[in-house]
>>> print(open('protein_2.txt').read())   # compact mmCIF, C-alpha atoms
# COMPACT_ATOMS: atom_id res chain seq x y z
CA CYS A 29 9.57 -11.79 7.60
CA LEU A 30 6.44 -13.86 7.11
CA LYS A 31 7.93 -17.13 8.35
CA ASN A 32 8.50 -17.97 12.01
CA ILE A 33 11.64 -19.46 13.55
CA GLN A 34 11.95 -21.25 16.88
CA VAL A 35 14.46 -20.00 19.43
CA ILE A 36 15.72 -22.46 22.03
CA ALA A 37 16.58 -20.79 25.35
CA THR A 38 18.20 -22.96 28.03
CA GLN A 39 18.56 -22.38 31.74
CA ASP A 40 22.27 -21.70 31.19
CA LEU A 41 21.42 -18.16 30.06
CA LYS A 42 22.11 -15.60 32.79
CA ASN A 43 18.78 -13.83 32.40
CA TYR A 44 16.70 -17.02 32.07
CA PRO A 45 14.22 -15.94 34.82
CA ASP A 46 13.54 -12.77 32.82
CA ILE A 47 13.18 -14.78 29.61
CA GLU A 48 10.44 -16.85 31.26
CA THR A 49 8.35 -13.66 31.58
CA ILE A 50 8.32 -13.00 27.82
CA THR A 51 4.79 -12.52 26.47
CA THR A 52 3.28 -12.42 22.98
CA GLY A 53 4.33 -9.19 21.25
CA THR A 54 7.47 -8.70 23.33
CA SER A 55 10.42 -7.17 21.44
CA VAL A 56 13.65 -9.17 21.78
CA SER A 57 17.11 -9.29 20.25
CA VAL A 58 18.49 -12.83 19.84
CA ALA A 59 22.01 -14.00 19.02
CA GLY A 60 22.90 -17.66 18.62
CA GLN A 61 23.67 -20.59 16.34
CA LEU A 62 21.42 -21.51 13.41
CA VAL A 63 21.21 -25.31 13.48
CA GLU A 64 19.09 -28.09 12.02
CA SER A 65 16.01 -28.66 14.16
CA PRO A 66 15.37 -32.15 15.58
CA GLY A 67 11.73 -31.21 16.19
CA LYS A 68 8.82 -31.43 13.80
CA GLY A 69 7.34 -28.49 11.91
CA GLN A 70 10.55 -26.63 11.13
CA LYS A 71 13.84 -27.37 9.40
CA TRP A 72 15.98 -24.87 11.31
CA GLU A 73 16.06 -23.36 14.78
CA ILE A 74 18.22 -20.93 16.73
CA GLN A 75 20.07 -22.12 19.83
CA ALA A 76 20.23 -18.87 21.75
CA GLU A 77 23.52 -17.70 23.25
CA ASN A 78 22.17 -14.30 24.25
CA ILE A 79 18.62 -12.93 24.48
CA GLU A 80 18.11 -9.24 25.18
CA ILE A 81 14.60 -8.17 26.13
CA LEU A 82 14.00 -4.78 24.54
CA ASN A 83 10.46 -4.28 25.83
CA ILE A 84 7.90 -6.56 27.49
CA ALA A 85 4.45 -6.42 25.94
CA PRO A 86 1.71 -5.99 28.57
CA ASP A 87 -0.99 -8.61 29.17
CA SER A 88 -3.40 -6.28 27.38
CA TYR A 89 -1.46 -6.63 24.08
CA PRO A 90 -4.37 -7.24 21.68
CA LEU A 91 -2.71 -9.42 18.99
CA GLN A 92 -2.77 -13.09 19.92
CA LYS A 93 -1.77 -16.35 18.21
CA LYS A 94 -5.03 -16.62 16.28
CA ARG A 95 -6.78 -15.07 13.29
CA HIS A 96 -8.34 -11.66 13.88
CA SER A 97 -11.09 -10.09 11.80
CA ASP A 98 -10.40 -7.05 9.62
CA GLU A 99 -13.00 -5.15 11.63
CA PHE A 100 -11.05 -5.75 14.84
CA LEU A 101 -7.70 -4.94 13.25
CA ARG A 102 -9.03 -1.55 12.09
CA THR A 103 -9.38 -0.59 15.77
CA ILE A 104 -5.64 -1.20 16.33
CA ALA A 105 -4.18 0.32 13.19
CA HIS A 106 -0.76 0.77 14.83
CA LEU A 107 -0.44 -3.01 15.25
CA ARG A 108 -2.24 -4.20 12.11
CA PRO A 109 0.92 -4.32 9.93
CA ARG A 110 2.38 -6.93 12.31
CA THR A 111 -0.16 -9.54 11.20
CA ASN A 112 0.85 -11.99 8.47
CA LYS A 113 -2.00 -10.90 6.20
CA TYR A 114 -1.21 -7.19 6.15
CA GLY A 115 2.54 -7.69 6.38
CA ALA A 116 2.42 -9.86 3.25
CA ALA A 117 0.03 -7.55 1.39
CA PHE A 118 2.18 -4.48 1.87
CA ARG A 119 5.44 -6.29 1.12
CA ILE A 120 3.90 -7.39 -2.19
CA ARG A 121 2.56 -3.88 -2.84
CA SER A 122 6.03 -2.43 -2.29
CA GLU A 123 7.60 -4.91 -4.71
CA MET A 124 4.92 -4.32 -7.36
CA ALA A 125 5.26 -0.53 -7.21
CA PHE A 126 9.04 -0.76 -7.59
CA ALA A 127 8.69 -3.30 -10.42
CA ILE A 128 6.27 -1.02 -12.31
CA HIS A 129 8.76 1.84 -12.26
CA LYS A 130 11.61 -0.53 -13.18
CA PHE A 131 9.64 -1.94 -16.14
CA TYR A 132 8.87 1.48 -17.60
CA ARG A 133 12.36 2.79 -16.89
CA GLU A 134 13.81 -0.07 -18.92
CA LYS A 135 11.33 0.70 -21.72
CA GLY A 136 12.41 4.34 -21.92
CA PHE A 137 9.13 5.79 -20.59
CA ARG A 138 8.93 9.11 -18.75
CA TYR A 139 7.19 9.10 -15.36
CA LEU A 140 4.53 11.78 -14.78
CA THR A 141 2.72 12.88 -11.63
CA ALA A 142 -0.69 14.12 -12.73
CA PRO A 143 -2.47 16.71 -10.52
CA LEU A 144 -4.58 15.20 -7.73
CA ILE A 145 -6.74 18.32 -7.52
CA THR A 146 -8.16 19.28 -10.90
CA GLY A 147 -10.90 21.19 -12.67
CA SER A 148 -11.15 18.48 -15.35
CA ASP A 149 -13.56 15.56 -15.30
CA CYS A 150 -11.53 12.96 -17.19
CA GLU A 151 -14.23 10.29 -17.29
CA GLY A 152 -17.10 12.72 -17.89
CA ALA A 153 -19.31 10.90 -15.42
CA GLY A 154 -19.47 13.66 -12.81
CA GLU A 155 -18.88 11.17 -9.98
CA MET A 156 -16.04 13.09 -8.38
CA PHE A 157 -15.16 14.24 -4.87
CA ARG A 158 -15.40 18.03 -4.69
CA VAL A 159 -12.55 19.99 -3.09
CA THR A 160 -13.45 23.34 -1.53
CA SER A 161 -12.21 25.77 1.10
CA LEU A 162 -15.69 27.28 1.52
CA ASP A 163 -17.48 26.93 4.85
CA PRO A 164 -20.43 24.54 4.41
CA LYS A 165 -22.55 26.67 6.76
CA MET A 166 -22.05 29.70 4.51
CA VAL A 167 -23.03 27.61 1.50
CA GLU A 168 -26.21 26.43 3.23
CA SER A 169 -27.26 29.99 4.03
CA GLN A 170 -26.72 31.17 0.44
CA GLY A 171 -28.26 28.08 -1.14
CA LYS A 172 -25.39 27.64 -3.59
CA MET A 173 -21.62 27.64 -3.83
CA ASP A 174 -19.91 30.75 -5.15
CA PHE A 175 -16.80 29.19 -6.68
CA LYS A 176 -15.35 32.62 -7.44
CA LYS A 177 -14.77 32.95 -3.69
CA ASP A 178 -13.25 29.46 -3.47
CA PHE A 179 -9.52 28.75 -3.17
CA PHE A 180 -9.00 28.14 -6.90
CA GLY A 181 -11.67 30.56 -8.07
CA GLN A 182 -13.52 27.76 -9.83
CA GLU A 183 -14.97 24.32 -9.15
CA SER A 184 -12.30 21.70 -8.41
CA ASN A 185 -12.32 18.00 -7.60
CA LEU A 186 -10.12 15.05 -6.76
CA THR A 187 -8.90 13.42 -9.96
CA VAL A 188 -10.47 10.24 -11.32
CA SER A 189 -7.61 9.66 -13.78
CA GLY A 190 -4.28 11.06 -14.92
CA GLN A 191 -5.02 10.11 -18.53
CA LEU A 192 -5.57 13.63 -19.84
CA SER A 193 -2.17 14.75 -18.55
CA ALA A 194 -0.50 11.67 -20.00
CA GLU A 195 -2.10 12.16 -23.42
CA MET A 196 -0.79 15.72 -23.64
CA PHE A 197 2.72 14.81 -22.53
CA ALA A 198 2.89 11.83 -24.90
CA LEU A 199 2.63 14.30 -27.80
CA ALA A 200 5.88 15.90 -26.63
CA LEU A 201 7.86 13.29 -24.68
CA GLY A 202 6.82 10.13 -26.51
CA ASP A 203 6.09 7.19 -24.21
CA VAL A 204 4.95 8.28 -20.74
CA TYR A 205 3.02 6.89 -17.79
CA THR A 206 1.26 8.11 -14.68
CA PHE A 207 1.06 6.03 -11.52
CA GLY A 208 -0.64 7.50 -8.49
CA PRO A 209 -3.81 7.81 -6.40
CA THR A 210 -7.19 8.39 -8.05
CA PHE A 211 -10.63 8.86 -6.52
CA ARG A 212 -14.15 7.79 -7.54
CA ALA A 213 -17.28 9.09 -5.80
CA GLU A 214 -19.47 6.34 -7.25
CA ASN A 215 -22.62 5.45 -5.34
CA SER A 216 -21.70 1.80 -4.94
CA ASN A 217 -21.31 -0.40 -1.87
CA THR A 218 -20.04 -3.54 -3.57
CA SER A 219 -16.78 -5.25 -2.66
CA ARG A 220 -15.46 -4.29 -6.11
CA HIS A 221 -15.79 -0.54 -5.52
CA ALA A 222 -12.87 1.48 -4.19
CA ALA A 223 -13.22 5.19 -3.46
CA GLU A 224 -9.44 5.61 -3.52
CA PHE A 225 -6.97 3.48 -5.46
CA TRP A 226 -3.69 3.76 -7.33
CA MET A 227 -3.95 3.58 -11.11
CA LEU A 228 -1.27 2.91 -13.69
CA GLU A 229 -1.86 4.67 -17.03
CA PRO A 230 0.67 4.45 -19.87
CA GLU A 231 0.30 6.57 -23.02
CA MET A 232 2.40 5.69 -26.06
CA ALA A 233 2.91 7.77 -29.18
CA PHE A 234 2.55 6.00 -32.56
CA CYS A 235 1.07 2.86 -30.99
CA ASP A 236 -1.79 0.82 -32.43
CA LEU A 237 -4.21 -1.55 -30.68
CA ASN A 238 -2.13 -4.69 -31.24
CA GLU A 239 1.00 -3.03 -29.81
CA ASN A 240 -1.09 -1.82 -26.88
CA MET A 241 -2.30 -5.36 -26.12
CA ASP A 242 1.25 -6.73 -26.42
CA HIS A 243 2.44 -4.06 -24.01
CA GLY A 244 -0.22 -4.92 -21.43
CA GLU A 245 0.59 -8.63 -21.67
CA GLU A 246 4.32 -7.99 -21.29
CA LEU A 247 3.73 -5.81 -18.22
CA ILE A 248 1.60 -8.43 -16.47
CA LYS A 249 4.19 -11.15 -17.17
CA TYR A 250 6.98 -8.91 -15.92
CA LEU A 251 5.18 -8.11 -12.66
CA THR A 252 4.23 -11.75 -12.10
>>> encode(input="protein_2.txt", output="C-alpha cells")
Amino acid sequence: CLKNIQVIATQDLKNYPDIETITTGTSVSVAGQLVESPGKGQKWEIQAENIEILNIAPDSYPLQKKRHSDEFLRTIAHLRPRTNKYGAAFRIRSEMAFAIHKFYREKGFRYLTAPLITGSDCEGAGEMFRVTSLDPKMVESQGKMDFKKDFFGQESNLTVSGQLSAEMFALALGDVYTFGPTFRAENSNTSRHAAEFWMLEPEMAFCDLNENMDHGEELIKYLT
C-alpha cells in the first residue's frame, strides 16, 4: 500500500546477521505483533517474530529513498510502479474504471466495445493515425498508397471516438456507453495533448440537454 510501516527486528532473531544485510528494494516476508509505536512519526509498528528474506536487492538497485524524475523512471519501467506516485495513480485508475462500469450497470446501460480500427472519421478532422499493412518502401516507389492492396481493402485508421457506434446501438438497445482507448494524431506538443487516452461516451435514447447535464453531474459525484 502507499503507507509505510516500521518493522522492529531484534538480535534475538536467529537470522539477525542476514537481516543486517537487507538493502533498499529487498523482498521480505515479515510475521510479528502489531503494536502501538513509542517512536515519533508513526502510530503503529511491527515487532518482528520472524523475517524471511525472499531476495536481496543488489547495490545497483536504482530506486532510492528520494524523489526520482519521470524521465529517469521511464528508463526503468519494470520498477516504476513501485514508486508512490505511480502506485497511487494506477490504484486510483483501477478504482475509477471499476466505478464507471458499476455506475452504468446500476443505471441499466449496456456496455459497448467500439472498433479500434475503423474506416470512419468520427470527428471529421482528419487527424487520425493510419493503420496499414503495406510496406512503406513500396509506397515510396509508387508515390501513393493503393488501399485496394491493403489488409482491409480500403483506408483505415485508429479510432478517435466510439460515438458513432454508440449512437447506432442506442437506437436499438436504449441507454448504452463505450469506454475504451481512443487516439488523436493532433500536431500539438502541449501538456494537455494526449495521443492515446481512454474515453467514456454514453448515449441515451429520449434524453434532452437538461437530462444530459444531470447525468454528467451525477456521474462525477458518484466517481468522487
>>> closest_residue(input="protein_2.txt", among="A:Glu231, A:Thr141, A:Gly202, A:Val63", to="Gly244 (chain A)", atoms="all atoms listed in the file")
A:Glu231
>>> residues_around(input="protein_2.txt", residues="region 42-56 of chain A", least_positions_apart="3", cutoff="7 Å", atoms="only C-alpha atoms", output="list in words")
Gln39, Ile79, Glu80, Ile81, Leu82, Asn83, Ile84, Ala85, Tyr89 and Gln92 of chain A
>>> closest_residue(input="protein_2.txt", among="A:Gln182, A:Asn112, A:Leu228, A:Thr160", to="Lys93 (chain A)", atoms="all atoms listed in the file")
A:Asn112
>>> closest_residue(input="protein_2.txt", among="A:Phe197, A:Phe234, A:Phe131, A:Trp226", to="Ile248 (chain A)", atoms="all atoms listed in the file")
A:Phe131
>>> residues_around(input="protein_2.txt", residues="His221 (chain A)", least_positions_apart="5", cutoff="9 Å", atoms="all atoms listed in the file", output="list in words")
Arg212, Glu214 and Ser216 of chain A
>>> build_atoms(input="protein_2.txt", residues="region 79-90 of chain A", atoms="all heavy atoms", output="short mmCIF file (atom, residue, chain, number, x, y, z; two decimals), in the frame of the given file")
data_model
loop_
_atom_site.label_atom_id
_atom_site.label_comp_id
_atom_site.auth_asym_id
_atom_site.auth_seq_id
_atom_site.Cartn_x
_atom_site.Cartn_y
_atom_site.Cartn_z
N ILE A 79 19.95 -13.48 24.77
CA ILE A 79 18.62 -12.93 24.48
C ILE A 79 18.46 -11.64 25.27
O ILE A 79 18.49 -11.64 26.51
CB ILE A 79 17.49 -13.91 24.85
CG1 ILE A 79 17.58 -15.18 24.00
CG2 ILE A 79 16.12 -13.26 24.66
CD1 ILE A 79 16.51 -16.22 24.31
N GLU A 80 18.32 -10.55 24.55
CA GLU A 80 18.11 -9.24 25.18
C GLU A 80 16.64 -8.86 25.04
O GLU A 80 16.10 -8.85 23.93
CB GLU A 80 18.99 -8.19 24.52
CG GLU A 80 18.81 -6.80 25.11
CD GLU A 80 19.61 -5.75 24.36
OE1 GLU A 80 20.31 -6.11 23.38
OE2 GLU A 80 19.52 -4.56 24.74
N ILE A 81 16.01 -8.59 26.15
CA ILE A 81 14.60 -8.17 26.13
C ILE A 81 14.56 -6.65 25.95
O ILE A 81 15.01 -5.90 26.82
CB ILE A 81 13.89 -8.58 27.43
CG1 ILE A 81 13.91 -10.10 27.59
CG2 ILE A 81 12.45 -8.07 27.42
CD1 ILE A 81 13.34 -10.59 28.91
N LEU A 82 14.05 -6.21 24.82
CA LEU A 82 14.00 -4.78 24.54
C LEU A 82 12.80 -4.12 25.21
O LEU A 82 12.89 -3.02 25.73
CB LEU A 82 13.95 -4.56 23.02
CG LEU A 82 15.10 -5.18 22.23
CD1 LEU A 82 14.93 -4.90 20.74
CD2 LEU A 82 16.45 -4.65 22.72
N ASN A 83 11.65 -4.82 25.16
CA ASN A 83 10.46 -4.28 25.83
C ASN A 83 9.44 -5.40 26.00
O ASN A 83 9.12 -6.11 25.04
CB ASN A 83 9.84 -3.14 25.03
CG ASN A 83 8.81 -2.36 25.84
OD1 ASN A 83 9.13 -1.75 26.84
ND2 ASN A 83 7.57 -2.42 25.40
N ILE A 84 8.93 -5.56 27.21
CA ILE A 84 7.90 -6.56 27.49
C ILE A 84 6.53 -6.02 27.09
O ILE A 84 6.16 -4.91 27.46
CB ILE A 84 7.89 -6.92 29.00
CG1 ILE A 84 9.15 -7.68 29.37
CG2 ILE A 84 6.64 -7.71 29.35
CD1 ILE A 84 9.14 -9.13 28.93
N ALA A 85 5.81 -6.80 26.31
CA ALA A 85 4.45 -6.42 25.94
C ALA A 85 3.53 -6.69 27.12
O ALA A 85 3.63 -7.74 27.77
CB ALA A 85 3.99 -7.19 24.72
N PRO A 86 2.61 -5.79 27.43
CA PRO A 86 1.71 -5.99 28.57
C PRO A 86 0.70 -7.11 28.28
O PRO A 86 0.51 -7.53 27.14
CB PRO A 86 1.01 -4.63 28.71
CG PRO A 86 1.07 -4.05 27.33
CD PRO A 86 2.37 -4.51 26.74
N ASP A 87 0.03 -7.56 29.33
CA ASP A 87 -0.99 -8.61 29.17
C ASP A 87 -2.15 -8.14 28.29
O ASP A 87 -2.87 -8.96 27.73
CB ASP A 87 -1.52 -9.04 30.54
CG ASP A 87 -0.44 -9.74 31.36
OD1 ASP A 87 0.48 -10.30 30.75
OD2 ASP A 87 -0.53 -9.70 32.60
N SER A 88 -2.30 -6.83 28.17
CA SER A 88 -3.40 -6.28 27.38
C SER A 88 -3.06 -6.20 25.89
O SER A 88 -3.87 -5.71 25.09
CB SER A 88 -3.76 -4.88 27.88
OG SER A 88 -2.62 -4.01 27.81
N TYR A 89 -1.85 -6.65 25.50
CA TYR A 89 -1.46 -6.63 24.08
C TYR A 89 -2.52 -7.36 23.26
O TYR A 89 -2.78 -8.55 23.50
CB TYR A 89 -0.09 -7.29 23.91
CG TYR A 89 0.46 -7.23 22.51
CD1 TYR A 89 1.03 -6.07 22.01
CD2 TYR A 89 0.43 -8.36 21.68
CE1 TYR A 89 1.56 -6.03 20.72
CE2 TYR A 89 0.95 -8.32 20.40
CZ TYR A 89 1.52 -7.15 19.92
OH TYR A 89 2.03 -7.11 18.65
N PRO A 90 -3.15 -6.68 22.31
CA PRO A 90 -4.37 -7.24 21.68
C PRO A 90 -4.14 -8.31 20.61
O PRO A 90 -5.05 -9.07 20.31
CB PRO A 90 -5.04 -6.00 21.06
CG PRO A 90 -3.90 -5.06 20.78
CD PRO A 90 -2.89 -5.29 21.86
#
